[in-house]
Amino acid sequence: MIIRTTLAMLGVASLVLVGACTRETSSETAKDVDKARQEATQDITEARADAAQKMADARKDASTEVQGARQDVAKTSAENAYDVAVTEAEAAHKIAMEQCESLTGSDRDQCKDSADKDLAMAKESAKQRYMSMQ
């Protein structure tokens, strides 16, 4: 009984490992990358539209209040630039992660680590630009 259980566990473990080490076919990867690009385009378009609406609202408010509204417009502009930059960085990250799926083992891990580092750097850069606009 113990031998059967042990063999069954080893069989399941080997199936899990084989599944984790397999890479996607190039057509699967291409399909996933294309989907990620479409989602990225939509996310970026929505972020830009939201930013444009916020700027329009801030400018409308600025026409009625002079000094305080100018500061609000500048703050809104900085926030919008930050939001769009982060959305673009996250979209690029999604695409990169999908492209990593065509790799296996340590190459896949390195690819994903690189994509994560690129995302972190892009977010930090957006934050620095935001702070400089304040």
# chains A, B, ... in the order shown; residues from 1 in each chain; ligands from 1
>>> residues_around(residues="range 74-81 of chain A", least_positions_apart="2", cutoff="6 Å", atoms="only C-alpha atoms", output="VMD selection string")
chain A and resid 51 71 to 72 83 to 84 130 133
>>> residues_around(residues="Ala89 in chain A", least_positions_apart="5", cutoff="7 Å", atoms="only C-alpha atoms", output="ChimeraX atom specification")
/A:119,122-123
>>> closest_residue(among="A:Asp50, A:Asp57, A:Lys112, A:Tyr82", to="Met131 in chain A", atoms="only C-alpha atoms")
A:Tyr82
>>> residues_around(residues="Ala36 in chain A", least_positions_apart="2", cutoff="10 Å", atoms="only C-alpha atoms", output="PyMOL selection string")
chain A and resi 30-34+38-42+91-99
>>> residues_around(residues="Leu103 in chain A", least_positions_apart="4", cutoff="12 Å", atoms="only C-alpha atoms", output="list of chain:residue names")
A:Ala20, A:Cys21, A:Thr22, A:Arg23, A:Glu24, A:Thr25, A:Ser26, A:Thr29, A:Ala96, A:Met97, A:Glu98, A:Gln99, A:Asp107, A:Arg108, A:Asp109, A:Gln110, A:Cys111, A:Lys112
>>> atom_distance(atom1="CA of Glu28 in chain A", atom2="CA of Ile44 in chain A")
24.1 Å
>>> decode(residues="range 52-101 of chain A", atoms="N, CA and C atoms", output="CSV table (one decimal), in the first residue's frame")
chain,number,residue,atom,x,y,z
A,52,ALA,N,-7.5,62.9,-20.7
A,52,ALA,CA,-8.1,64.0,-21.5
A,52,ALA,C,-9.3,64.6,-20.8
A,53,GLN,N,-10.2,63.7,-20.3
A,53,GLN,CA,-11.4,64.2,-19.6
A,53,GLN,C,-11.0,65.0,-18.3
A,54,LYS,N,-10.1,64.4,-17.6
A,54,LYS,CA,-9.7,65.1,-16.4
A,54,LYS,C,-9.1,66.5,-16.7
A,55,MET,N,-8.3,66.6,-17.7
A,55,MET,CA,-7.7,67.9,-18.1
A,55,MET,C,-8.8,68.8,-18.6
A,56,ALA,N,-9.8,68.4,-19.3
A,56,ALA,CA,-10.9,69.2,-19.7
A,56,ALA,C,-11.6,69.8,-18.5
A,57,ASP,N,-11.8,68.9,-17.5
A,57,ASP,CA,-12.5,69.3,-16.3
A,57,ASP,C,-11.7,70.3,-15.5
A,58,ALA,N,-10.4,70.1,-15.4
A,58,ALA,CA,-9.5,71.0,-14.7
A,58,ALA,C,-9.4,72.4,-15.4
A,59,ARG,N,-9.4,72.4,-16.7
A,59,ARG,CA,-9.4,73.6,-17.5
A,59,ARG,C,-10.7,74.4,-17.3
A,60,LYS,N,-11.8,73.7,-17.3
A,60,LYS,CA,-13.1,74.3,-17.1
A,60,LYS,C,-13.1,75.0,-15.7
A,61,ASP,N,-12.6,74.3,-14.7
A,61,ASP,CA,-12.6,74.8,-13.4
A,61,ASP,C,-11.6,76.0,-13.4
A,62,ALA,N,-10.6,76.0,-14.1
A,62,ALA,CA,-9.6,77.0,-14.2
A,62,ALA,C,-10.1,78.3,-14.7
A,63,SER,N,-11.1,78.2,-15.6
A,63,SER,CA,-11.7,79.4,-16.2
A,63,SER,C,-12.5,80.2,-15.2
A,64,THR,N,-12.9,79.6,-14.1
A,64,THR,CA,-13.7,80.3,-13.1
A,64,THR,C,-12.9,80.7,-12.0
A,65,GLU,N,-11.9,80.0,-11.6
A,65,GLU,CA,-11.0,80.3,-10.5
A,65,GLU,C,-9.6,80.4,-11.1
A,66,VAL,N,-8.9,81.5,-10.8
A,66,VAL,CA,-7.6,81.8,-11.5
A,66,VAL,C,-6.5,81.1,-10.8
A,67,GLN,N,-6.1,81.5,-9.6
A,67,GLN,CA,-4.8,81.0,-9.0
A,67,GLN,C,-4.9,79.6,-8.6
A,68,GLY,N,-5.9,79.2,-7.8
A,68,GLY,CA,-6.0,77.8,-7.3
A,68,GLY,C,-6.3,76.9,-8.5
A,69,ALA,N,-7.0,77.3,-9.5
A,69,ALA,CA,-7.3,76.4,-10.6
A,69,ALA,C,-6.0,76.1,-11.4
A,70,ARG,N,-5.1,77.1,-11.5
A,70,ARG,CA,-3.9,76.9,-12.3
A,70,ARG,C,-3.1,75.8,-11.6
A,71,GLN,N,-3.0,75.8,-10.3
A,71,GLN,CA,-2.3,74.7,-9.6
A,71,GLN,C,-3.0,73.4,-9.8
A,72,ASP,N,-4.4,73.4,-9.8
A,72,ASP,CA,-5.1,72.2,-10.0
A,72,ASP,C,-4.8,71.6,-11.4
A,73,VAL,N,-4.8,72.5,-12.4
A,73,VAL,CA,-4.5,72.1,-13.8
A,73,VAL,C,-3.1,71.4,-13.9
A,74,ALA,N,-2.1,72.0,-13.2
A,74,ALA,CA,-0.8,71.5,-13.2
A,74,ALA,C,-0.7,70.1,-12.5
A,75,LYS,N,-1.4,70.1,-11.4
A,75,LYS,CA,-1.4,68.8,-10.6
A,75,LYS,C,-2.1,67.7,-11.5
A,76,THR,N,-3.3,68.1,-12.1
A,76,THR,CA,-4.0,67.1,-12.9
A,76,THR,C,-3.2,66.6,-14.1
A,77,SER,N,-2.4,67.6,-14.7
A,77,SER,CA,-1.6,67.2,-15.8
A,77,SER,C,-0.5,66.2,-15.4
A,78,ALA,N,0.1,66.5,-14.2
A,78,ALA,CA,1.2,65.6,-13.7
A,78,ALA,C,0.6,64.2,-13.4
A,79,GLU,N,-0.6,64.2,-12.7
A,79,GLU,CA,-1.2,62.9,-12.4
A,79,GLU,C,-1.6,62.1,-13.6
A,80,ASN,N,-2.1,62.8,-14.7
A,80,ASN,CA,-2.5,62.2,-15.9
A,80,ASN,C,-1.3,61.6,-16.6
A,81,ALA,N,-0.2,62.3,-16.7
A,81,ALA,CA,1.0,61.9,-17.3
A,81,ALA,C,1.5,60.6,-16.6
A,82,TYR,N,1.5,60.6,-15.3
A,82,TYR,CA,1.9,59.5,-14.5
A,82,TYR,C,1.0,58.3,-14.8
A,83,ASP,N,-0.3,58.5,-14.7
A,83,ASP,CA,-1.2,57.4,-15.0
A,83,ASP,C,-1.0,56.7,-16.3
A,84,VAL,N,-0.9,57.6,-17.4
A,84,VAL,CA,-0.6,57.0,-18.7
A,84,VAL,C,0.7,56.3,-18.8
A,85,ALA,N,1.7,56.8,-18.2
A,85,ALA,CA,3.0,56.2,-18.2
A,85,ALA,C,3.0,54.8,-17.5
A,86,VAL,N,2.3,54.7,-16.4
A,86,VAL,CA,2.2,53.5,-15.7
A,86,VAL,C,1.4,52.5,-16.5
A,87,THR,N,0.3,52.9,-17.1
A,87,THR,CA,-0.5,52.1,-18.0
A,87,THR,C,0.3,51.5,-19.1
A,88,GLU,N,1.1,52.4,-19.7
A,88,GLU,CA,1.9,51.9,-20.9
A,88,GLU,C,3.0,50.9,-20.4
A,89,ALA,N,3.6,51.2,-19.2
A,89,ALA,CA,4.6,50.2,-18.7
A,89,ALA,C,3.9,48.9,-18.4
A,90,GLU,N,2.8,48.9,-17.8
A,90,GLU,CA,2.1,47.6,-17.5
A,90,GLU,C,1.7,46.9,-18.7
A,91,ALA,N,1.3,47.6,-19.8
A,91,ALA,CA,0.9,47.0,-21.0
A,91,ALA,C,2.2,46.3,-21.7
A,92,ALA,N,3.3,47.0,-21.6
A,92,ALA,CA,4.5,46.5,-22.2
A,92,ALA,C,5.0,45.2,-21.4
A,93,HIS,N,4.7,45.3,-20.1
A,93,HIS,CA,5.1,44.2,-19.2
A,93,HIS,C,4.2,42.9,-19.6
A,94,LYS,N,2.9,43.1,-19.8
A,94,LYS,CA,2.0,42.0,-20.2
A,94,LYS,C,2.5,41.4,-21.5
A,95,ILE,N,2.9,42.2,-22.4
A,95,ILE,CA,3.4,41.7,-23.7
A,95,ILE,C,4.7,40.9,-23.5
A,96,ALA,N,5.6,41.5,-22.7
A,96,ALA,CA,6.9,40.8,-22.5
A,96,ALA,C,6.7,39.5,-21.8
A,97,MET,N,5.8,39.4,-20.8
A,97,MET,CA,5.5,38.2,-20.1
A,97,MET,C,5.0,37.1,-21.0
A,98,GLU,N,4.1,37.5,-21.9
A,98,GLU,CA,3.6,36.5,-22.9
A,98,GLU,C,4.7,36.0,-23.8
A,99,GLN,N,5.6,36.9,-24.2
A,99,GLN,CA,6.7,36.5,-25.0
A,99,GLN,C,7.6,35.5,-24.3
A,100,CYS,N,7.7,35.6,-23.0
A,100,CYS,CA,8.6,34.7,-22.2
A,100,CYS,C,8.0,33.3,-22.2
A,101,GLU,N,6.7,33.2,-22.5
A,101,GLU,CA,6.1,31.8,-22.5
A,101,GLU,C,6.7,30.9,-23.5
